[in-house]
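Some notes on the structure that comes next.
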Amino acid sequence: MKSTTLLAPVVVLALASPSFAAETGKTVGQSPSSFYLAQDRATMKCQIVESQPATGSNMKAVGAAYTTKASAEAALKADKTCAK
């Protein structure tokens, strides 16, 4: 009798624990939180990306992160280091 009394709360907690987990990924269709200007080191051309370029890759981040795509596009047009 004691084993079923102890087993019931353990089963309930085991089934409920995934609902307590923190949400880490983005939802489908959700806009990214930041935009970056990424410059190809070889061609010096820039593009707007949604994640910061990794260190050691052929792309490097130019400037800071932008909260909207429109502000990133304005920065891309104004940037003098990017090849046109």
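Following the order of the structure tokens, first chain is A, next is B, and so on, with residues numbered from 1 inside each chain and ligands from 1 in the order they appear.
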DSSP-assigned helix (DSSP H, G or I) members of region 27-79 of chain A, reported as a VMD selection string
chain A and resid 69 to 78
Any chance you could export the current selection's N, CA and C atoms as a JSON list (two decimals), in the first residue's frame?
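Saved to part23.json:
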[["chain", "number", "residue", "atom", "x", "y", "z"],
["A", 69, "LYS", "N", 14.71, 45.63, -39.11],
["A", 69, "LYS", "CA", 15.35, 45.42, -40.41],
["A", 69, "LYS", "C", 15.51, 46.76, -41.13],
["A", 70, "ALA", "N", 14.57, 47.67, -40.95],
["A", 70, "ALA", "CA", 14.65, 48.98, -41.59],
["A", 70, "ALA", "C", 15.88, 49.75, -41.11],
["A", 71, "SER", "N", 16.18, 49.68, -39.82],
["A", 71, "SER", "CA", 17.37, 50.38, -39.32],
["A", 71, "SER", "C", 18.65, 49.72, -39.82],
["A", 72, "ALA", "N", 18.63, 48.41, -39.98],
["A", 72, "ALA", "CA", 19.80, 47.71, -40.53],
["A", 72, "ALA", "C", 19.99, 48.07, -42.00],
["A", 73, "GLU", "N", 18.89, 48.20, -42.76],
["A", 73, "GLU", "CA", 18.99, 48.60, -44.17],
["A", 73, "GLU", "C", 19.52, 50.02, -44.31],
["A", 74, "ALA", "N", 19.09, 50.91, -43.42],
["A", 74, "ALA", "CA", 19.59, 52.29, -43.44],
["A", 74, "ALA", "C", 21.08, 52.32, -43.13],
["A", 75, "ALA", "N", 21.51, 51.51, -42.18],
["A", 75, "ALA", "CA", 22.93, 51.45, -41.83],
["A", 75, "ALA", "C", 23.74, 50.85, -42.96],
["A", 76, "LEU", "N", 23.18, 49.90, -43.68],
["A", 76, "LEU", "CA", 23.87, 49.29, -44.82],
["A", 76, "LEU", "C", 24.09, 50.32, -45.93],
["A", 77, "LYS", "N", 23.10, 51.14, -46.19],
["A", 77, "LYS", "CA", 23.23, 52.18, -47.22],
["A", 77, "LYS", "C", 24.25, 53.25, -46.82],
["A", 78, "ALA", "N", 24.32, 53.55, -45.52],
["A", 78, "ALA", "CA", 25.21, 54.61, -45.04],
["A", 78, "ALA", "C", 26.64, 54.14, -44.80]]
Excluding Asp40 (chain A) and residues on its chain fewer than 3 positions from it, collect all residues at most 8 Å away from it, counting only C-alpha atoms, and give them as an MDAnalysis selection string.
chainID A and resid 43:46 58:60
Could you list, as a list of chain:residue names, every residue within 6 Å of Leu37 (chain A), counting only C-alpha atoms and ignoring same-chain residues fewer than 6 positions away?
A:Gln47, A:Ile48, A:Ala61, A:Val62
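In this comparison, which uses only C-alpha atoms, the residue of A:Ser34, A:Gln39, A:Gln52, A:Ser57 approaching Asp79 (chain A) most closely is A:Gln39.
One distance worth recording is that between CA of Ala65 (chain A) and CA of Lys80 (chain A), which is 17.3 Å.
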At what distance in Å, to one decimal, does CA of Ser51 (chain A) lie from CA of Thr81 (chain A)?
20.1 Å
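Among the residues of region 40-82 of chain A, backbone DSSP assigns strand (DSSP E or B) to Asp40, Lys45, Cys46, Gln47, Ile48, Val49, Met59, Lys60, Ala61, Val62, Gly63, Ala64, Ala65 and Tyr66 of chain A.
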